[in-house]
There are 2 protein chains.
Amino acid sequence: MDDRDATEEAIMEATYRALSTHGYGDLTIQNIADEFDRSKSLLYYHYEGKDELLAAFLGYALDRFIADLDIQDEDPGEQLALLVDRLLPETIEDERYNAQVALMELRSHAPHVETFSTQFSALDEQFSEMVVTIIQDGVDSGQFQPVDPQQEADLLVSVLSGMRTRRFTTEGYSVETAKVHLEELLQDRLGGDLKLT
Amino acid sequence: MDDRDATEEAIMEATYRALSTHGYGDLTIQNIADEFDRSKSLLYYHYEGKDELLAAFLGYALDRFIADLDIQDEDPGEQLALLVDRLLPETIEDERYNAQVALMELRSHAPHVETFSTQFSALDEQFSEMVVTIIQDGVDSGQFQPVDPQQEADLLVSVLSGMRTRRFTTEGYSVETAKVHLEELLQDRLGGDLKLT
């Protein structure tokens, strides 16, 4: 990692902490600078403003999400289970909870901020393609039924998005129950031995 | 409708127009007053502030959504089709599009505003119960397969929520394709003759 990358990485980490602490609504460049151990002018040198920095953060968050997933060596059923567990964990520690809420807020502003919309489009597309590949691999290996991977991926990505939104925005939504429902759905659609827990 | 109701109705209509025009981020009581043909002090007489007014608006929007749905006389399959069409229309005129985006923004702030969270919980619960009742009726009448209405409702509400979010926050998400996928899903889960279009 060269200096430029190291600086960017440090800015992204500071952005993550600032988003977790302040949420999107109250976030300022100053909040991010406060989490950053170098000068605020470096932030402006790298990014023109808050929305440009946040758009870069969205790309960073997606890359991190995919890098951290580490599902390469698993079979397709296990890969889906890890993916679901990552997106819909039964418990979340505070910092991660707050960061996920901030990402949801950022997403809700995508209709007003073109760079967000572009980033979330890329994010959804890359995520959907990952799910398509997993399902295709499962079909090819015979672990899953012969399904249309595009269709199953569209449905799974949407149901996960909806369950996440309901979890963060309503009281008393049971993630445990949702995962029982989702497991049965995936068993029905893809194959009987798929386990989420 | 007595005077108080008429005033509240007029305030809610003004709020809808202001949200459609300004979105949630830029909404002020003044924007709402500008859409309201009576005095701004009436707004403050009825509501303490913007968030209290918006919480009332959420209750109003849900009531209107259910009243406008008008699905009483239809069979359960047709009721689900009308519900899906209402939540996921293939085209939306601008004012309604903007209002739906504003509702999504309001929802994303629910983790920070307790009255929003309470309203969205009530909204989701009432909507889910409506879907449960429709599915139960379809099972009872033999139009649908014998399924667990709670489970099917949880999945359908989540998939609709996710498809709406993806439609509003990404470029190039095809609602037409999503509805083809959803129709096949509902046929698979509930019964072969269910048609969404």
# chains A, B, ... in the order shown; residues from 1 in each chain; ligands from 1
>>> residues_around(residues="Val147 of chain B", least_positions_apart="3", cutoff="9 Å", atoms="only C-alpha atoms", output="list in words")
Ile135, Gln136, Val139, Phe144, Gln150, Gln151, Glu152, Arg189 and Leu190 of chain B
>>> write_last_selection(atoms="N, CA and C atoms", output="mmCIF file, in the first residue's frame")
data_model
loop_
_atom_site.group_PDB
_atom_site.id
_atom_site.type_symbol
_atom_site.label_atom_id
_atom_site.label_comp_id
_atom_site.auth_asym_id
_atom_site.auth_seq_id
_atom_site.Cartn_x
_atom_site.Cartn_y
_atom_site.Cartn_z
ATOM 1 N N ILE B 135 -54.303 -13.477 2.522
ATOM 2 C CA ILE B 135 -53.774 -14.824 2.267
ATOM 3 C C ILE B 135 -54.620 -15.874 2.994
ATOM 4 N N GLN B 136 -55.002 -15.546 4.248
ATOM 5 C CA GLN B 136 -55.856 -16.481 4.997
ATOM 6 C C GLN B 136 -57.179 -16.713 4.259
ATOM 7 N N VAL B 139 -56.600 -18.996 1.387
ATOM 8 C CA VAL B 139 -56.417 -20.389 1.826
ATOM 9 C C VAL B 139 -57.791 -20.979 2.176
ATOM 10 N N PHE B 144 -55.867 -20.324 -2.706
ATOM 11 C CA PHE B 144 -54.436 -20.493 -2.448
ATOM 12 C C PHE B 144 -54.171 -21.861 -1.824
ATOM 13 N N GLN B 150 -48.812 -15.911 7.976
ATOM 14 C CA GLN B 150 -47.834 -15.012 8.595
ATOM 15 C C GLN B 150 -46.503 -15.054 7.850
ATOM 16 N N GLN B 151 -46.071 -16.274 7.538
ATOM 17 C CA GLN B 151 -44.789 -16.417 6.848
ATOM 18 C C GLN B 151 -44.841 -15.810 5.450
ATOM 19 N N GLU B 152 -45.897 -16.126 4.709
ATOM 20 C CA GLU B 152 -45.992 -15.601 3.340
ATOM 21 C C GLU B 152 -46.104 -14.078 3.355
ATOM 22 N N ARG B 189 -45.631 -19.977 -4.472
ATOM 23 C CA ARG B 189 -45.909 -20.044 -3.031
ATOM 24 C C ARG B 189 -47.391 -20.220 -2.719
ATOM 25 N N LEU B 190 -48.263 -19.544 -3.512
ATOM 26 C CA LEU B 190 -49.677 -19.464 -3.122
ATOM 27 C C LEU B 190 -50.608 -20.258 -4.028
#
>>> select_by_dssp(residues="chain B", states="helix (DSSP H, G or I)", output="MDAnalysis selection string")
chainID B and resid 3:22 29:34 40:46 50:69 76:87 94:108 114:141 149:169 175:189
>>> closest_atom_pairs(of="chain B", to="chain A", cutoff="6 Å", atoms="only C-alpha atoms", output="tab-separated table")
residue	atom	partner	partner_atom	distance
B:Glu105	CA	A:Ser108	CA	5.1
B:Ser108	CA	A:Glu105	CA	5.1
B:Ala110	CA	A:Thr169	CA	5.2
B:Pro111	CA	A:Thr169	CA	5.8
B:Ser117	CA	A:Thr170	CA	5.4
B:Phe120	CA	A:Thr170	CA	5.9
B:Ser121	CA	A:Thr170	CA	4.5
B:Gln151	CA	A:His181	CA	5.9
B:Ser158	CA	A:Gly162	CA	4.2
B:Val159	CA	A:Val159	CA	4.1
B:Ser161	CA	A:Gly162	CA	4.7
B:Gly162	CA	A:Gly162	CA	4.1
B:Met163	CA	A:Ser158	CA	5.4
B:Thr169	CA	A:Ala110	CA	5.2
B:Thr170	CA	A:Ser121	CA	4.5
B:Glu171	CA	A:Ser121	CA	5.8
B:His181	CA	A:Gln151	CA	5.9
>>> residues_around(residues="Glu52 of chain B", least_positions_apart="3", cutoff="12 Å", atoms="only C-alpha atoms", output="VMD selection string")
chain B and resid 15 29 43 to 49 55 to 59 113 to 116 118 to 119
>>> residues_around(residues="Leu69 of chain A", least_positions_apart="3", cutoff="9 Å", atoms="only C-alpha atoms", output="ChimeraX atom specification")
/A:64-66,72,82-83,86
>>> decode(residues="segment 138-186 of chain B", atoms="N, CA and C atoms", output="short mmCIF file (atom, residue, chain, number, x, y, z; two decimals), in the first residue's frame")
data_model
loop_
_atom_site.label_atom_id
_atom_site.label_comp_id
_atom_site.auth_asym_id
_atom_site.auth_seq_id
_atom_site.Cartn_x
_atom_site.Cartn_y
_atom_site.Cartn_z
N GLY B 138 -57.70 -16.48 1.10
CA GLY B 138 -57.41 -17.28 -0.10
C GLY B 138 -57.21 -18.74 0.23
N VAL B 139 -56.60 -19.00 1.39
CA VAL B 139 -56.42 -20.39 1.83
C VAL B 139 -57.79 -20.98 2.18
N ASP B 140 -58.59 -20.20 2.92
CA ASP B 140 -59.91 -20.69 3.36
C ASP B 140 -60.82 -21.00 2.16
N SER B 141 -60.73 -20.15 1.13
CA SER B 141 -61.61 -20.34 -0.02
C SER B 141 -61.06 -21.38 -0.99
N GLY B 142 -59.84 -21.82 -0.76
CA GLY B 142 -59.24 -22.81 -1.65
C GLY B 142 -58.56 -22.21 -2.87
N GLN B 143 -58.57 -20.86 -2.98
CA GLN B 143 -57.86 -20.25 -4.12
C GLN B 143 -56.35 -20.41 -3.96
N PHE B 144 -55.87 -20.32 -2.71
CA PHE B 144 -54.44 -20.49 -2.45
C PHE B 144 -54.17 -21.86 -1.82
N GLN B 145 -52.92 -22.31 -1.94
CA GLN B 145 -52.49 -23.54 -1.28
C GLN B 145 -52.51 -23.34 0.24
N PRO B 146 -52.57 -24.44 0.99
CA PRO B 146 -52.54 -24.30 2.45
C PRO B 146 -51.15 -23.86 2.92
N VAL B 147 -50.98 -22.56 3.15
CA VAL B 147 -49.68 -22.00 3.56
C VAL B 147 -49.84 -21.36 4.93
N ASP B 148 -48.71 -20.95 5.53
CA ASP B 148 -48.73 -20.17 6.76
C ASP B 148 -48.86 -18.70 6.36
N PRO B 149 -50.02 -18.09 6.58
CA PRO B 149 -50.21 -16.70 6.11
C PRO B 149 -49.20 -15.72 6.71
N GLN B 150 -48.81 -15.91 7.98
CA GLN B 150 -47.83 -15.01 8.59
C GLN B 150 -46.50 -15.05 7.85
N GLN B 151 -46.07 -16.27 7.54
CA GLN B 151 -44.79 -16.42 6.85
C GLN B 151 -44.84 -15.81 5.45
N GLU B 152 -45.90 -16.13 4.71
CA GLU B 152 -45.99 -15.60 3.34
C GLU B 152 -46.10 -14.08 3.36
N ALA B 153 -46.83 -13.55 4.35
CA ALA B 153 -46.99 -12.09 4.45
C ALA B 153 -45.65 -11.43 4.77
N ASP B 154 -44.89 -12.02 5.70
CA ASP B 154 -43.58 -11.45 6.05
C ASP B 154 -42.68 -11.39 4.81
N LEU B 155 -42.67 -12.49 4.05
CA LEU B 155 -41.82 -12.54 2.85
C LEU B 155 -42.30 -11.54 1.80
N LEU B 156 -43.62 -11.48 1.58
CA LEU B 156 -44.14 -10.59 0.54
C LEU B 156 -43.91 -9.12 0.91
N VAL B 157 -44.17 -8.77 2.17
CA VAL B 157 -43.97 -7.38 2.60
C VAL B 157 -42.49 -7.01 2.45
N SER B 158 -41.60 -7.93 2.79
CA SER B 158 -40.16 -7.63 2.68
C SER B 158 -39.73 -7.52 1.23
N VAL B 159 -40.18 -8.42 0.39
CA VAL B 159 -39.73 -8.36 -1.01
C VAL B 159 -40.27 -7.10 -1.68
N LEU B 160 -41.50 -6.70 -1.35
CA LEU B 160 -42.05 -5.45 -1.91
C LEU B 160 -41.26 -4.24 -1.42
N SER B 161 -40.92 -4.24 -0.14
CA SER B 161 -40.14 -3.15 0.43
C SER B 161 -38.78 -3.05 -0.27
N GLY B 162 -38.12 -4.19 -0.45
CA GLY B 162 -36.82 -4.19 -1.10
C GLY B 162 -36.89 -3.74 -2.55
N MET B 163 -37.90 -4.21 -3.28
CA MET B 163 -38.03 -3.81 -4.68
C MET B 163 -38.30 -2.31 -4.80
N ARG B 164 -39.12 -1.76 -3.87
CA ARG B 164 -39.37 -0.32 -3.88
C ARG B 164 -38.09 0.46 -3.62
N THR B 165 -37.33 0.03 -2.61
CA THR B 165 -36.07 0.71 -2.31
C THR B 165 -35.13 0.69 -3.50
N ARG B 166 -35.00 -0.48 -4.13
CA ARG B 166 -34.07 -0.59 -5.26
C ARG B 166 -34.54 0.26 -6.43
N ARG B 167 -35.85 0.32 -6.63
CA ARG B 167 -36.39 1.16 -7.70
C ARG B 167 -36.03 2.63 -7.49
N PHE B 168 -36.17 3.09 -6.25
CA PHE B 168 -35.97 4.52 -6.00
C PHE B 168 -34.50 4.91 -5.84
N THR B 169 -33.64 3.95 -5.55
CA THR B 169 -32.26 4.34 -5.18
C THR B 169 -31.20 3.87 -6.17
N THR B 170 -31.58 3.13 -7.21
CA THR B 170 -30.59 2.70 -8.19
C THR B 170 -31.08 3.05 -9.60
N GLU B 171 -30.11 3.13 -10.50
CA GLU B 171 -30.44 3.42 -11.90
C GLU B 171 -30.67 2.10 -12.62
N GLY B 172 -31.66 2.05 -13.45
CA GLY B 172 -31.83 0.89 -14.33
C GLY B 172 -32.46 -0.32 -13.67
N TYR B 173 -33.02 -0.17 -12.44
CA TYR B 173 -33.72 -1.33 -11.86
C TYR B 173 -35.04 -1.48 -12.59
N SER B 174 -35.29 -2.67 -13.15
CA SER B 174 -36.50 -2.86 -13.96
C SER B 174 -37.67 -3.36 -13.10
N VAL B 175 -38.65 -2.49 -12.90
CA VAL B 175 -39.84 -2.88 -12.15
C VAL B 175 -40.63 -3.93 -12.92
N GLU B 176 -40.63 -3.82 -14.24
CA GLU B 176 -41.34 -4.81 -15.06
C GLU B 176 -40.78 -6.21 -14.80
N THR B 177 -39.45 -6.33 -14.85
CA THR B 177 -38.82 -7.63 -14.61
C THR B 177 -39.07 -8.10 -13.18
N ALA B 178 -38.97 -7.15 -12.22
CA ALA B 178 -39.21 -7.51 -10.81
C ALA B 178 -40.63 -8.09 -10.65
N LYS B 179 -41.60 -7.51 -11.34
CA LYS B 179 -42.97 -8.00 -11.22
C LYS B 179 -43.16 -9.37 -11.86
N VAL B 180 -42.43 -9.63 -12.94
CA VAL B 180 -42.47 -10.98 -13.53
C VAL B 180 -41.93 -11.99 -12.51
N HIS B 181 -40.81 -11.62 -11.86
CA HIS B 181 -40.23 -12.51 -10.85
C HIS B 181 -41.18 -12.71 -9.68
N LEU B 182 -41.80 -11.61 -9.26
CA LEU B 182 -42.71 -11.67 -8.11
C LEU B 182 -43.95 -12.50 -8.44
N GLU B 183 -44.46 -12.36 -9.65
CA GLU B 183 -45.63 -13.14 -10.05
C GLU B 183 -45.32 -14.63 -9.98
N GLU B 184 -44.16 -15.01 -10.52
CA GLU B 184 -43.79 -16.43 -10.50
C GLU B 184 -43.63 -16.90 -9.06
N LEU B 185 -43.03 -16.02 -8.21
CA LEU B 185 -42.86 -16.38 -6.80
C LEU B 185 -44.21 -16.63 -6.13
N LEU B 186 -45.16 -15.73 -6.36
CA LEU B 186 -46.48 -15.86 -5.73
C LEU B 186 -47.22 -17.08 -6.27
#
